[in-house]
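**Q** Below you'll find query36.txt; it's compact mmCIF, C-alpha atoms.
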```
# COMPACT_ATOMS: atom_id res chain seq x y z
CA MET A 20 -20.12 20.12 -29.71
CA ILE A 21 -21.40 17.19 -31.78
CA PHE A 22 -18.98 14.81 -33.50
CA GLU A 23 -20.17 12.47 -36.24
CA LEU A 24 -18.29 9.74 -38.09
CA ASP A 25 -20.25 8.54 -41.11
CA ASN A 26 -20.11 6.28 -44.19
CA VAL A 27 -16.79 4.63 -43.30
CA GLU A 28 -15.58 1.99 -45.74
CA LEU A 29 -12.33 0.17 -44.97
CA TYR A 30 -10.71 -2.64 -46.93
CA PHE A 31 -7.59 -4.71 -46.21
CA LYS A 32 -6.31 -6.64 -49.25
CA ASN A 33 -9.73 -6.44 -50.93
CA LYS A 34 -11.46 -7.74 -47.81
CA ARG A 35 -14.07 -5.35 -46.48
CA ILE A 36 -13.52 -4.67 -42.77
CA LEU A 37 -15.87 -1.74 -42.14
CA ASN A 38 -18.85 -0.57 -44.12
CA GLY A 39 -21.76 1.77 -43.49
CA ILE A 40 -20.41 2.98 -40.15
CA TYR A 41 -22.19 5.76 -38.29
CA LEU A 42 -21.24 7.07 -34.87
CA LYS A 43 -22.34 10.19 -33.03
CA ALA A 44 -20.81 11.62 -29.86
CA GLU A 45 -21.30 14.89 -28.04
CA THR A 46 -19.91 17.05 -25.27
CA GLY A 47 -21.19 15.95 -21.89
CA LYS A 48 -21.41 12.28 -22.81
CA VAL A 49 -19.18 9.23 -22.86
CA THR A 50 -19.77 7.20 -26.02
CA GLY A 51 -18.72 3.55 -25.75
CA ILE A 52 -17.86 1.20 -28.62
CA LEU A 53 -18.20 -2.51 -27.88
CA GLY A 54 -17.35 -5.45 -30.12
CA SER A 55 -15.49 -8.74 -30.22
CA ASN A 56 -11.70 -8.89 -30.61
CA GLY A 57 -10.61 -8.11 -34.15
CA CYS A 58 -13.90 -6.56 -35.21
CA GLY A 59 -12.29 -3.22 -36.11
CA LYS A 60 -12.72 -1.02 -33.02
CA SER A 61 -9.11 0.20 -33.04
CA SER A 62 -9.21 0.71 -36.81
CA LEU A 63 -12.33 2.85 -36.39
CA LEU A 64 -10.59 5.12 -33.86
CA ASP A 65 -7.50 5.30 -36.09
CA ILE A 66 -9.72 6.36 -39.00
CA ALA A 67 -11.50 9.00 -36.89
CA PHE A 68 -8.18 10.40 -35.63
CA GLY A 69 -6.59 10.39 -39.08
CA ASN A 70 -3.93 7.68 -38.60
CA LEU A 71 -5.59 5.28 -41.01
CA LYS A 72 -6.95 6.22 -44.42
CA PRO A 73 -10.04 4.24 -45.44
CA LYS A 74 -11.62 4.04 -48.87
CA TYR A 75 -14.22 6.54 -47.66
CA LYS A 76 -15.21 8.43 -44.53
CA LEU A 77 -17.05 11.59 -43.56
CA ILE A 78 -16.40 13.45 -40.32
CA ARG A 79 -18.64 16.30 -39.21
CA ILE A 80 -18.33 18.60 -36.22
CA ASP A 81 -21.51 20.52 -35.49
CA LYS A 82 -22.71 19.44 -38.96
CA THR A 83 -19.65 20.98 -40.68
CA PRO A 84 -17.55 18.49 -42.70
CA ILE A 85 -13.91 18.23 -41.59
CA LEU A 86 -11.83 17.71 -44.72
CA LYS A 87 -8.36 17.36 -43.17
CA PRO A 88 -7.17 14.69 -40.70
CA LEU A 89 -8.75 15.33 -37.32
CA TYR A 90 -5.39 15.39 -35.52
CA LEU A 91 -4.45 18.49 -37.52
CA THR A 92 -7.38 20.42 -36.03
CA LYS A 93 -5.80 20.35 -32.53
CA LEU A 94 -9.26 19.45 -31.20
CA VAL A 95 -8.50 15.85 -30.32
CA LYS A 96 -6.26 13.72 -28.11
CA TYR A 97 -5.92 9.97 -28.68
CA LEU A 98 -4.84 7.20 -26.31
CA PRO A 99 -3.87 4.24 -28.53
CA GLN A 100 -3.59 0.66 -27.31
CA TYR A 101 0.21 0.75 -27.45
CA ASP A 102 2.61 2.77 -25.27
CA PHE A 103 3.19 6.12 -26.94
CA MET A 104 5.40 7.98 -24.46
CA PRO A 105 9.20 7.98 -24.97
CA GLY A 106 10.80 5.82 -22.28
CA SER A 107 13.68 8.27 -21.86
CA PHE A 108 11.40 11.13 -20.74
CA LYS A 109 11.12 11.99 -17.07
CA LEU A 110 7.59 12.37 -15.76
CA CYS A 111 8.10 16.03 -14.88
CA LYS A 112 9.15 16.78 -18.47
CA LEU A 113 6.20 14.87 -19.87
CA PHE A 114 3.69 16.76 -17.73
CA ASP A 115 5.29 20.06 -18.78
CA LEU A 116 5.20 19.05 -22.44
CA PHE A 117 1.47 18.32 -22.29
CA GLU A 118 0.83 21.34 -20.01
CA VAL A 119 -0.69 19.17 -17.29
CA ASN A 120 -0.28 20.05 -13.60
CA TRP A 121 1.92 17.50 -11.81
CA ASP A 122 0.97 18.69 -8.30
CA VAL A 123 -2.74 18.10 -8.93
CA PHE A 124 -1.97 14.62 -10.26
CA ALA A 125 0.28 13.78 -7.29
CA LYS A 126 -2.47 14.86 -4.90
CA ASP A 127 -5.13 12.71 -6.60
CA PHE A 128 -2.79 9.75 -7.19
CA GLU A 129 -0.60 9.87 -4.08
CA GLU A 130 1.22 6.63 -4.86
CA PHE A 131 2.81 8.38 -7.85
CA ALA A 132 4.03 11.42 -5.89
CA PRO A 133 7.62 10.07 -5.43
CA PHE A 134 7.94 9.37 -9.18
CA LYS A 135 8.30 12.95 -10.44
CA MET A 136 11.93 12.56 -11.53
CA ARG A 137 11.59 8.99 -12.77
CA LYS A 138 11.85 8.07 -16.42
CA ILE A 139 8.88 6.50 -18.17
CA SER A 140 10.97 3.37 -18.76
CA GLN A 141 11.29 2.88 -14.98
CA LEU A 142 7.52 2.47 -14.52
CA SER A 143 5.57 -0.76 -14.61
CA GLY A 144 3.16 -1.31 -17.50
CA GLY A 145 0.14 -0.45 -15.34
CA GLU A 146 1.80 2.69 -13.92
CA ARG A 147 2.74 3.83 -17.41
CA ARG A 148 -0.81 3.29 -18.66
CA CYS A 149 -2.24 5.28 -15.78
CA ILE A 150 0.08 8.21 -16.55
CA GLU A 151 -0.82 8.08 -20.25
CA ILE A 152 -4.56 8.11 -19.57
CA TYR A 153 -4.30 10.96 -17.08
CA ILE A 154 -2.26 13.13 -19.43
CA ILE A 155 -4.61 12.49 -22.37
CA LEU A 156 -7.64 13.30 -20.23
CA LYS A 157 -6.18 16.43 -18.69
CA SER A 158 -4.35 17.99 -21.64
CA LYS A 159 -6.02 20.60 -23.80
CA SER A 160 -8.58 19.14 -26.21
CA GLU A 161 -12.28 19.03 -26.94
CA ILE A 162 -12.46 15.42 -28.12
CA ILE A 163 -10.82 12.36 -26.54
CA PHE A 164 -10.44 8.87 -28.02
CA LEU A 165 -9.50 6.10 -25.56
CA ASP A 166 -8.55 2.68 -26.94
CA GLU A 167 -8.44 -0.03 -24.24
CA PRO A 168 -7.72 2.51 -21.46
CA PHE A 169 -8.21 0.04 -18.59
CA ASN A 170 -5.87 -2.65 -19.91
CA GLY A 171 -3.33 -3.72 -17.28
CA ILE A 172 -4.51 -1.27 -14.63
CA ALA A 173 -5.33 -2.28 -11.05
CA PRO A 174 -9.07 -2.21 -10.22
CA ILE A 175 -8.64 0.52 -7.59
CA ILE A 176 -6.95 2.76 -10.17
CA ILE A 177 -9.64 1.96 -12.75
CA GLU A 178 -12.28 3.33 -10.39
CA ARG A 179 -10.35 6.60 -9.99
CA ILE A 180 -9.87 6.85 -13.76
CA LYS A 181 -13.60 6.30 -14.29
CA ALA A 182 -14.36 9.09 -11.82
CA LEU A 183 -11.93 11.35 -13.70
CA ILE A 184 -13.61 10.54 -17.03
CA THR A 185 -16.99 11.41 -15.50
CA GLU A 186 -15.57 14.77 -14.44
CA ILE A 187 -13.83 15.45 -17.76
CA LYS A 188 -16.85 14.66 -19.94
CA LYS A 189 -18.66 17.77 -18.72
CA ASN A 190 -16.52 19.81 -21.10
CA LYS A 191 -15.31 17.22 -23.61
CA ILE A 192 -16.47 14.53 -25.99
CA VAL A 193 -15.17 11.14 -24.80
CA ILE A 194 -15.23 8.06 -27.06
CA LEU A 195 -13.84 4.86 -25.57
CA THR A 196 -13.59 1.18 -26.31
CA ASP A 197 -12.42 -1.60 -24.03
CA HIS A 198 -12.71 -5.40 -23.89
CA LYS A 199 -13.83 -4.99 -20.26
CA TYR A 200 -17.43 -4.49 -21.34
CA GLN A 201 -18.74 -3.90 -17.81
CA ASP A 202 -16.46 -0.88 -17.37
CA VAL A 203 -17.65 0.51 -20.72
CA ILE A 204 -21.30 -0.04 -19.76
CA ASP A 205 -20.69 1.65 -16.40
CA MET A 206 -19.12 4.70 -18.05
CA ALA A 207 -21.05 5.14 -21.27
CA ASP A 208 -24.05 7.37 -21.81
CA ASP A 209 -24.40 5.99 -25.35
CA ILE A 210 -23.20 2.63 -26.65
CA TYR A 211 -22.53 1.39 -30.16
CA LEU A 212 -21.91 -2.27 -30.98
CA LEU A 213 -19.49 -2.93 -33.83
CA LYS A 214 -20.49 -6.20 -35.49
CA ASN A 215 -20.08 -7.55 -39.01
CA GLY A 216 -18.32 -4.35 -40.05
CA THR A 217 -21.10 -1.95 -39.11
CA THR A 218 -22.27 -0.08 -36.00
CA LYS A 219 -25.53 -0.67 -34.19
CA PHE A 220 -26.77 1.93 -31.69
CA ILE A 221 -27.76 0.14 -28.49
CA LYS A 222 -31.03 1.47 -27.10
CA LYS A 223 -31.24 -1.03 -24.25
CA LEU A 224 -28.53 -3.26 -22.81
CA SER A 225 -30.45 -6.47 -23.50
CA GLU A 226 -29.68 -5.87 -27.19
CA LEU A 227 -26.06 -6.80 -26.45
CA GLU A 228 -27.36 -10.31 -25.75
CA ASP A 229 -29.83 -10.21 -28.67
CA TYR A 230 -26.99 -9.40 -31.11
CA GLY A 231 -24.83 -12.17 -29.64
CA TYR A 232 -22.10 -9.95 -28.20
CA LEU A 233 -22.87 -11.18 -24.68
CA SER A 234 -24.20 -14.56 -23.66
CA GLU A 235 -27.62 -14.68 -22.10
CA GLY A 236 -27.38 -13.80 -18.42
CA GLN A 237 -23.98 -12.01 -18.61
CA LEU A 238 -25.61 -8.69 -17.78
CA HIS A 239 -26.97 -9.95 -14.47
```
I'd like the structure from this file rewritten - as structure tokens, please.

**A**
Amino acid sequence: MIFELDNVELYFKNKRILNGIYLKAETGKVTGILGSNGCGKSSLLDIAFGNLKPKYKLIRIDKTPILKPLYLTKLVKYLPQYDFMPGSFKLCKLFDLFEVNWDVFAKDFEEFAPFKMRKISQLSGGERRCIEIYIILKSKSEIIFLDEPFNGIAPIIIERIKALITEIKKNKIVILTDHKYQDVIDMADDIYLLKNGTTKFIKKLSELEDYGYLSEGQLH
């Protein structure tokens, strides 16, 4: 499957935020979006998902235009920056709701095994984020958007999540953005830089320095 987001124009109070956006992602690849804070990365994912209505956008899947919000197609799952799971839900109920196997999770993330009957509100921020990422990755979908997935998560858990993403991408499109640029670079097969309201496809990592996103020498 090939997903394309094209010709996005977004304005806030007559100020143009995004213009002339193009992004392509496909099954079997992780597509990373890098950019400075406030450049519009989250807005771009919200537009792609259908949460935010821009002045103009065009979404194509396998070259066929998608005319309704993407979330209505049931093809996509989206991890936003903010917590989205109801704090009153127990983990076992949440896993059932998303049709994700708790026993497999508890085997891969043993430290969570005793938490099955806990409520979401009883977890730390990092634990909650880990659960949210896992459920989004493992639940039924063909496209996954991840906005700041590694925020607040312990490095050892990040490495396991990255391994899971590598496994998942074999059968899904994965588009992610994170301020931890090194984790995005490690994961991504393709990278776009969002700068001055438009996307630039990065052919070689040194371009991240050339465009001023990274300081000279940060890649070494």

**Q** Which residue, A:Leu63, A:Leu110, A:Ala125, A:Leu77, has the smallest gap to Arg137 of chain A when you use only C-alpha atoms?

**A**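 Between A:Leu63, A:Leu110, A:Ala125, A:Leu77, the residue approaching Arg137 of chain A most closely is A:Leu110.
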
**Q** Using all atoms listed in the file, give me every residue within 9 Å of (7.8, 5.3, -23.1) in file coordinates, as a ChimeraX atom specification.

**A** /A:102-108,138-140,147

**Q** Pick out the closest residue to Ile210 of chain A from this set: A:Cys149, A:Leu195, A:Phe131, A:Ile78. Count all atoms listed in the file.

**A**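 Closest to Ile210 of chain A, using all atoms listed in the file: A:Leu195.
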
**Q** Which one is closest to Lys82 of chain A: A:Leu53, A:Ile21, A:Val27, A:Ile176? Count only C-alpha atoms.

**A**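 Ranked by minimum distance to Lys82 of chain A, first place goes to A:Ile21.
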
**Q** Can you pull out the residues contacting Ala207 of chain A? Cut-off 10 Å, using all atoms listed in the file, and skip same-chain residues under 4 positions away; I want them as an MDAnalysis selection string.

**A** chainID A and resid 48:52 185 193:196 201:203 211

**Q** Given only C-alpha atoms as the basis, pick out the residue of A:Leu156, A:Ile192, A:Ile180, A:Leu71 nearest to Met20 of chain A.

**A**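 Ranking A:Leu156, A:Ile192, A:Ile180, A:Leu71 by distance to Met20 of chain A, first place goes to A:Ile192.
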
**Q** With all atoms listed in the file as the counted atoms, please give the residues lying no more than 10 Å from Lys191 of chain A, apart from itself and same-chain residues fewer than 2 positions off, as a list in words.

**A** Met20, Glu45, Thr46, Gly47, Lys48, Val49, Leu94, Val95, Leu156, Lys159, Ser160, Glu161, Ile162, Ile163, Ile184, Glu186, Ile187, Lys188, Lys189, Val193 and Ile194 of chain A

**Q** Calculated over all atoms listed in the file, which of the candidates A:Ile85, A:Leu227, A:Leu183, A:Ala132 has the smallest distance to Ile152 of chain A?

**A**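 Of A:Ile85, A:Leu227, A:Leu183, A:Ala132, the one nearest Ile152 of chain A, counting all atoms listed in the file, is A:Leu183.
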
**Q** Rounded to one decimal, what separation in Å do you get between atom CA of Met136 of chain A and atom CA of Ala173 of chain A?

**A**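 Between atom CA of Met136 of chain A and atom CA of Ala173 of chain A the gap is 22.8 Å.
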
**Q** Pick the closest to Ile36 of chain A from A:Met206, A:Ile150, A:Ala182, A:Leu213: which is it, counting only C-alpha atoms?

**A**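 Going through A:Met206, A:Ile150, A:Ala182, A:Leu213 one by one, the smallest distance to Ile36 of chain A is for A:Leu213.
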
**Q** Would you compute the distance between atom CA of Leu64 of chain A and atom CA of Leu165 of chain A? Give it in Å to one decimal.

**A** 8.4 Å

**Q** Record the distance separating atom CA of Arg79 of chain A and atom CA of Glu23 of chain A, expressed in Å with one decimal.

**A**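 Computed distance, atom CA of Arg79 of chain A to atom CA of Glu23 of chain A, equals 5.1 Å.
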
**Q** If we count all atoms listed in the file and set the cut-off at 7 Å, which residues sit around Asp166 of chain A, ignoring sequence neighbours fewer than 4 positions away in its own chain? Please answer as a ChimeraX atom specification.

**A** /A:61,98-100,195-197

**Q** Keeping only C-alpha atoms, take the residues you just selected and write them out as a compact mmCIF listing (two decimals), keeping the file's coordinate frame.

**A**
```
# COMPACT_ATOMS: atom_id res chain seq x y z
CA SER A 61 -9.11 0.20 -33.04
CA LEU A 98 -4.84 7.20 -26.31
CA PRO A 99 -3.87 4.24 -28.53
CA GLN A 100 -3.59 0.66 -27.31
CA LEU A 195 -13.84 4.86 -25.57
CA THR A 196 -13.59 1.18 -26.31
CA ASP A 197 -12.42 -1.60 -24.03
```
